[in-house]
Amino acid sequence: MDRIGQGFDVHRFAADRALVLGGVTIPSEKGLLGHSDADVLVHAIADALLGAAALGDIGHHFPDTDIRFKGISSLVLLEHVAGLLAGEHYAIVNVDATLVMERPKIAPHVAAMRGNIARALHVDAGQISVKATTNEGLGFIGSGEGAAAHAIAMISTLAP
Ligand code: MG
């Protein structure tokens, strides 16, 4: 049986932080603020996968009060999510994600992001789609205060 899940995340930009998206450190004067590396794209994808399996959300599995997750690469969390799904006998069919931010341009980094995400999930890069758009200068994203990411994921029950 196929199941679908949705994920959404927002992080605030801050000075003196690395900008990590899809596990790629992108040159930028500001990075995203968070307990982990604040990889908003990977967080949305993790939540989409957990949602598809009705396994809660990343805040439940990786609470930001837990010192073990401070500064951790979100790809490590994503790989853990893949393990949770495998434990429930789900296979990942595909993931489609959209980053919403004004700058910097991420197009040059998309291939590397897809590769990182696919490796963490033990799937092919062809199963992972990463897209990007701006917010046309509107709202907190348009002003450069933050970035958001949306993701959907399809998983399938492995044949018994
Ligand atoms: Mg997050």
# chains A, B, ... in the order shown; residues from 1 in each chain; ligands from 1
>>> residues_around(residues="Ala52 of chain A", least_positions_apart="5", cutoff="10 Å", atoms="only C-alpha atoms", output="MDAnalysis selection string")
chainID A and resid 2:7 46:47 85 90 92 152:156
>>> write_last_selection(atoms="N, CA, C and O atoms", output="compact mmCIF listing (two decimals), in the first residue's frame")
# COMPACT_ATOMS: atom_id res chain seq x y z
N ASP A 2 0.53 2.19 -0.84
CA ASP A 2 1.26 3.46 -0.86
C ASP A 2 0.66 4.43 0.16
O ASP A 2 -0.55 4.44 0.39
N ARG A 3 1.54 5.21 0.74
CA ARG A 3 1.10 6.23 1.71
C ARG A 3 1.85 7.52 1.38
O ARG A 3 2.98 7.49 0.91
N ILE A 4 1.22 8.65 1.67
CA ILE A 4 1.83 9.95 1.36
C ILE A 4 1.97 10.76 2.63
O ILE A 4 1.16 10.62 3.56
N GLY A 5 3.01 11.59 2.68
CA GLY A 5 3.22 12.44 3.85
C GLY A 5 3.68 13.82 3.43
O GLY A 5 4.21 14.01 2.32
N GLN A 6 3.49 14.77 4.32
CA GLN A 6 3.80 16.17 4.04
C GLN A 6 4.65 16.72 5.17
O GLN A 6 4.45 16.37 6.34
N GLY A 7 5.61 17.58 4.84
CA GLY A 7 6.42 18.23 5.86
C GLY A 7 6.63 19.69 5.54
O GLY A 7 6.66 20.09 4.37
N ALA A 46 12.33 15.05 6.42
CA ALA A 46 12.20 14.08 7.52
C ALA A 46 10.76 14.05 8.02
O ALA A 46 10.19 12.98 8.29
N ASP A 47 10.14 15.22 8.15
CA ASP A 47 8.76 15.27 8.63
C ASP A 47 7.79 14.67 7.61
O ASP A 47 6.79 14.05 8.00
N LEU A 85 11.59 3.98 9.30
CA LEU A 85 10.66 3.51 8.27
C LEU A 85 10.97 2.06 7.87
O LEU A 85 10.05 1.25 7.70
N TYR A 90 8.57 -0.14 5.56
CA TYR A 90 8.21 0.78 4.49
C TYR A 90 9.43 1.03 3.60
O TYR A 90 10.54 1.18 4.09
N ILE A 92 10.88 3.76 0.67
CA ILE A 92 10.66 5.12 0.18
C ILE A 92 10.50 5.09 -1.34
O ILE A 92 11.35 4.55 -2.05
N ILE A 152 6.94 16.68 0.24
CA ILE A 152 6.02 15.54 0.28
C ILE A 152 6.83 14.28 -0.01
O ILE A 152 7.86 14.32 -0.69
N ALA A 153 6.34 13.18 0.54
CA ALA A 153 7.04 11.92 0.37
C ALA A 153 6.01 10.82 0.16
O ALA A 153 4.93 10.85 0.76
N MET A 154 6.35 9.87 -0.70
CA MET A 154 5.52 8.67 -0.83
C MET A 154 6.33 7.47 -0.37
O MET A 154 7.52 7.35 -0.71
N ILE A 155 5.69 6.65 0.43
CA ILE A 155 6.32 5.41 0.88
C ILE A 155 5.39 4.26 0.52
O ILE A 155 4.21 4.46 0.23
N SER A 156 5.93 3.06 0.53
CA SER A 156 5.15 1.90 0.14
C SER A 156 5.44 0.75 1.08
O SER A 156 6.59 0.55 1.49
>>> residues_near_ligand(ligand="ligand 1", cutoff="9 Å", atoms="only C-alpha atoms and all ligand atoms", output="ChimeraX atom specification")
/A:8-11,34-44,58-59
>>> write_last_selection(atoms="all heavy atoms", output="short mmCIF file (atom, residue, chain, number, x, y, z; two decimals), in the first residue's frame")
data_model
loop_
_atom_site.label_atom_id
_atom_site.label_comp_id
_atom_site.auth_asym_id
_atom_site.auth_seq_id
_atom_site.Cartn_x
_atom_site.Cartn_y
_atom_site.Cartn_z
N PHE A 8 6.77 20.48 6.60
CA PHE A 8 6.99 21.93 6.44
C PHE A 8 7.90 22.38 7.57
O PHE A 8 7.77 21.92 8.70
CB PHE A 8 5.65 22.68 6.50
CG PHE A 8 5.80 24.17 6.50
CD1 PHE A 8 6.21 24.84 5.36
CD2 PHE A 8 5.55 24.91 7.65
CE1 PHE A 8 6.37 26.22 5.36
CE2 PHE A 8 5.70 26.30 7.65
CZ PHE A 8 6.11 26.95 6.50
N ASP A 9 8.82 23.29 7.27
CA ASP A 9 9.69 23.82 8.32
C ASP A 9 10.12 25.24 7.98
O ASP A 9 10.15 25.62 6.79
CB ASP A 9 10.92 22.93 8.49
CG ASP A 9 11.65 23.20 9.80
OD1 ASP A 9 11.01 23.65 10.77
OD2 ASP A 9 12.88 22.95 9.86
N VAL A 10 10.42 25.98 9.02
CA VAL A 10 10.91 27.36 8.90
C VAL A 10 12.09 27.52 9.84
O VAL A 10 12.06 26.99 10.97
CB VAL A 10 9.81 28.38 9.31
CG1 VAL A 10 10.39 29.78 9.46
CG2 VAL A 10 8.68 28.39 8.29
N HIS A 11 13.13 28.20 9.41
CA HIS A 11 14.19 28.62 10.32
C HIS A 11 14.54 30.08 10.05
O HIS A 11 14.39 30.57 8.93
CB HIS A 11 15.45 27.75 10.17
CG HIS A 11 15.34 26.45 10.89
ND1 HIS A 11 15.82 26.26 12.17
CD2 HIS A 11 14.77 25.27 10.52
CE1 HIS A 11 15.56 25.01 12.55
NE2 HIS A 11 14.92 24.39 11.57
N GLY A 34 19.37 27.28 14.67
CA GLY A 34 18.64 26.12 15.18
C GLY A 34 19.51 25.30 16.11
O GLY A 34 20.71 25.54 16.22
N HIS A 35 18.89 24.34 16.76
CA HIS A 35 19.60 23.48 17.72
C HIS A 35 20.57 22.56 16.98
O HIS A 35 21.70 22.36 17.41
CB HIS A 35 18.57 22.67 18.51
CG HIS A 35 19.17 21.85 19.62
ND1 HIS A 35 19.73 22.42 20.74
CD2 HIS A 35 19.28 20.51 19.77
CE1 HIS A 35 20.16 21.45 21.54
NE2 HIS A 35 19.90 20.29 20.98
N SER A 36 20.09 22.03 15.85
CA SER A 36 20.95 21.19 14.99
C SER A 36 21.66 22.14 14.03
O SER A 36 21.85 23.31 14.32
CB SER A 36 20.08 20.19 14.23
OG SER A 36 19.21 20.88 13.34
N ASP A 37 22.02 21.63 12.85
CA ASP A 37 22.60 22.52 11.85
C ASP A 37 21.53 23.35 11.14
O ASP A 37 21.84 24.11 10.22
CB ASP A 37 23.45 21.73 10.83
CG ASP A 37 22.62 20.71 10.05
OD1 ASP A 37 21.40 20.63 10.25
OD2 ASP A 37 23.21 19.97 9.24
N ALA A 38 20.28 23.20 11.56
CA ALA A 38 19.16 24.01 11.06
C ALA A 38 18.92 23.84 9.56
O ALA A 38 18.53 24.77 8.87
CB ALA A 38 19.34 25.49 11.41
N ASP A 39 19.15 22.61 9.10
CA ASP A 39 18.95 22.32 7.67
C ASP A 39 17.45 22.20 7.39
O ASP A 39 16.85 21.13 7.50
CB ASP A 39 19.69 21.02 7.32
CG ASP A 39 19.77 20.75 5.83
OD1 ASP A 39 18.86 21.18 5.09
OD2 ASP A 39 20.75 20.11 5.41
N VAL A 40 16.87 23.32 7.06
CA VAL A 40 15.41 23.42 6.93
C VAL A 40 14.87 22.45 5.87
O VAL A 40 13.77 21.90 6.02
CB VAL A 40 15.01 24.89 6.65
CG1 VAL A 40 15.49 25.35 5.27
CG2 VAL A 40 13.53 25.14 6.82
N LEU A 41 15.64 22.24 4.82
CA LEU A 41 15.21 21.33 3.74
C LEU A 41 15.14 19.89 4.25
O LEU A 41 14.14 19.20 4.04
CB LEU A 41 16.20 21.44 2.57
CG LEU A 41 15.99 20.47 1.42
CD1 LEU A 41 14.66 20.73 0.73
CD2 LEU A 41 17.14 20.57 0.42
N VAL A 42 16.17 19.47 4.93
CA VAL A 42 16.20 18.09 5.45
C VAL A 42 15.14 17.90 6.53
O VAL A 42 14.53 16.82 6.62
CB VAL A 42 17.62 17.73 5.95
CG1 VAL A 42 17.62 16.44 6.74
CG2 VAL A 42 18.58 17.63 4.76
N HIS A 43 14.89 18.93 7.32
CA HIS A 43 13.85 18.82 8.36
C HIS A 43 12.47 18.61 7.72
O HIS A 43 11.68 17.79 8.19
CB HIS A 43 13.82 20.07 9.25
CG HIS A 43 15.04 20.20 10.11
ND1 HIS A 43 15.21 21.21 11.02
CD2 HIS A 43 16.15 19.42 10.19
CE1 HIS A 43 16.38 21.06 11.62
NE2 HIS A 43 16.96 19.99 11.14
N ALA A 44 12.17 19.35 6.67
CA ALA A 44 10.87 19.19 6.00
C ALA A 44 10.75 17.79 5.40
O ALA A 44 9.69 17.16 5.47
CB ALA A 44 10.70 20.26 4.93
N ILE A 58 9.80 15.26 13.74
CA ILE A 58 11.20 15.27 14.18
C ILE A 58 11.35 15.91 15.56
O ILE A 58 12.26 15.57 16.28
CB ILE A 58 12.16 15.91 13.15
CG1 ILE A 58 11.77 17.33 12.79
CG2 ILE A 58 12.26 15.05 11.91
CD1 ILE A 58 12.83 18.01 11.93
N GLY A 59 10.43 16.82 15.92
CA GLY A 59 10.48 17.39 17.27
C GLY A 59 10.27 16.33 18.34
O GLY A 59 10.80 16.42 19.44
#
>>> select_by_dssp(residues="chain A", states="alpha helix (DSSP H)", output="ChimeraX atom specification")
/A:40-52,58-61,74-87,110-121,139-142
>>> atom_distance(atom1="atom CA of Lys131 of chain A", atom2="atom CA of Arg114 of chain A")
10.1 Å
>>> closest_atom_pairs(of="segment 58-115 of chain A", to="segment 134-147 of chain A", cutoff="12 Å", atoms="only C-alpha atoms", output="CSV")
residue,atom,partner,partner_atom,distance
A:Thr98,CA,A:Thr134,CA,10.1
A:Leu99,CA,A:Ala147,CA,7.5
A:Val100,CA,A:Thr134,CA,5.3
A:Met101,CA,A:Ala147,CA,4.9
A:Glu102,CA,A:Thr134,CA,4.8
A:Arg103,CA,A:Gly144,CA,7.7
A:Pro104,CA,A:Thr134,CA,10.1
A:Lys105,CA,A:Thr134,CA,9.4
A:Ile106,CA,A:Thr134,CA,10.7
>>> select_by_dssp(residues="segment 88-160 of chain A", states="strand (DSSP E or B)", output="PyMOL selection string")
chain A and resi 90-100+128-133+146-157
>>> atom_distance(atom1="atom CA of Leu75 of chain A", atom2="atom CA of Met1 of chain A")
26.8 Å
>>> residues_around(residues="His89 of chain A", least_positions_apart="3", cutoff="7 Å", atoms="only C-alpha atoms", output="NGL selection string")
:A and (85-86 or 157-158)
>>> residues_around(residues="Ala118 of chain A", least_positions_apart="5", cutoff="8 Å", atoms="only C-alpha atoms", output="PyMOL selection string")
chain A and resi 123-125+127-128
>>> write_last_selection(atoms="N, CA and C atoms", output="CSV table (one decimal), in the first residue's frame")
chain,number,residue,atom,x,y,z
A,123,VAL,N,18.5,5.6,-1.0
A,123,VAL,CA,17.7,5.5,-2.3
A,123,VAL,C,18.6,6.1,-3.4
A,124,ASP,N,18.1,6.1,-4.6
A,124,ASP,CA,18.8,6.7,-5.7
A,124,ASP,C,18.4,8.2,-5.8
A,125,ALA,N,19.3,9.0,-6.3
A,125,ALA,CA,19.1,10.4,-6.4
A,125,ALA,C,17.9,10.7,-7.3
A,127,GLN,N,15.1,9.4,-7.0
A,127,GLN,CA,13.9,9.4,-6.2
A,127,GLN,C,13.8,10.7,-5.4
A,128,ILE,N,14.8,11.6,-5.5
A,128,ILE,CA,14.8,12.8,-4.6
A,128,ILE,C,14.7,14.0,-5.5
>>> atom_distance(atom1="atom CA of His150 of chain A", atom2="atom CA of Asp16 of chain A")
25.2 Å
>>> residues_around(residues="Ser28 of chain A", least_positions_apart="2", cutoff="8 Å", atoms="only C-alpha atoms", output="list of chain:residue names")
A:Ala18, A:Leu19, A:Ile26, A:Lys30, A:Gly31, A:Pro104
>>> write_last_selection(atoms="all heavy atoms", output="CSV table (one decimal), in the first residue's frame")
chain,number,residue,atom,x,y,z
A,18,ALA,N,26.7,28.9,9.8
A,18,ALA,CA,26.8,28.3,8.4
A,18,ALA,C,25.5,28.1,7.8
A,18,ALA,O,24.5,27.7,8.5
A,18,ALA,CB,27.6,27.0,8.5
A,19,LEU,N,25.4,28.2,6.5
A,19,LEU,CA,24.1,27.9,5.8
A,19,LEU,C,24.2,26.5,5.3
A,19,LEU,O,25.0,26.3,4.3
A,19,LEU,CB,23.9,28.9,4.7
A,19,LEU,CG,22.6,28.7,3.9
A,19,LEU,CD1,21.3,28.7,4.8
A,19,LEU,CD2,22.5,29.7,2.7
A,26,ILE,N,26.7,26.2,2.1
A,26,ILE,CA,26.6,27.1,0.9
A,26,ILE,C,27.2,28.5,1.4
A,26,ILE,O,26.8,29.0,2.5
A,26,ILE,CB,25.2,27.3,0.5
A,26,ILE,CG1,24.6,25.9,-0.1
A,26,ILE,CG2,25.0,28.4,-0.6
A,26,ILE,CD1,23.2,25.9,-0.4
A,30,LYS,N,24.9,34.9,6.0
A,30,LYS,CA,24.1,34.5,7.1
A,30,LYS,C,23.8,33.0,7.0
A,30,LYS,O,23.8,32.4,5.9
A,30,LYS,CB,22.8,35.2,7.2
A,30,LYS,CG,22.9,36.7,7.5
A,30,LYS,CD,21.6,37.4,7.6
A,30,LYS,CE,20.8,37.4,6.3
A,30,LYS,NZ,19.6,38.2,6.4
A,31,GLY,N,23.5,32.3,8.1
A,31,GLY,CA,23.1,31.0,8.1
A,31,GLY,C,21.8,30.8,8.9
A,31,GLY,O,21.3,31.8,9.4
A,104,PRO,N,21.0,32.9,-0.8
A,104,PRO,CA,21.7,32.9,-2.1
A,104,PRO,C,20.9,31.9,-3.1
A,104,PRO,O,20.1,31.1,-2.6
A,104,PRO,CB,23.1,32.4,-1.8
A,104,PRO,CG,22.9,31.5,-0.6
A,104,PRO,CD,21.8,32.1,0.2
>>> closest_residue(among="A:Ala132, A:Leu32, A:Ala151, A:Ile45", to="Ile117 of chain A", atoms="only C-alpha atoms")
A:Ile45
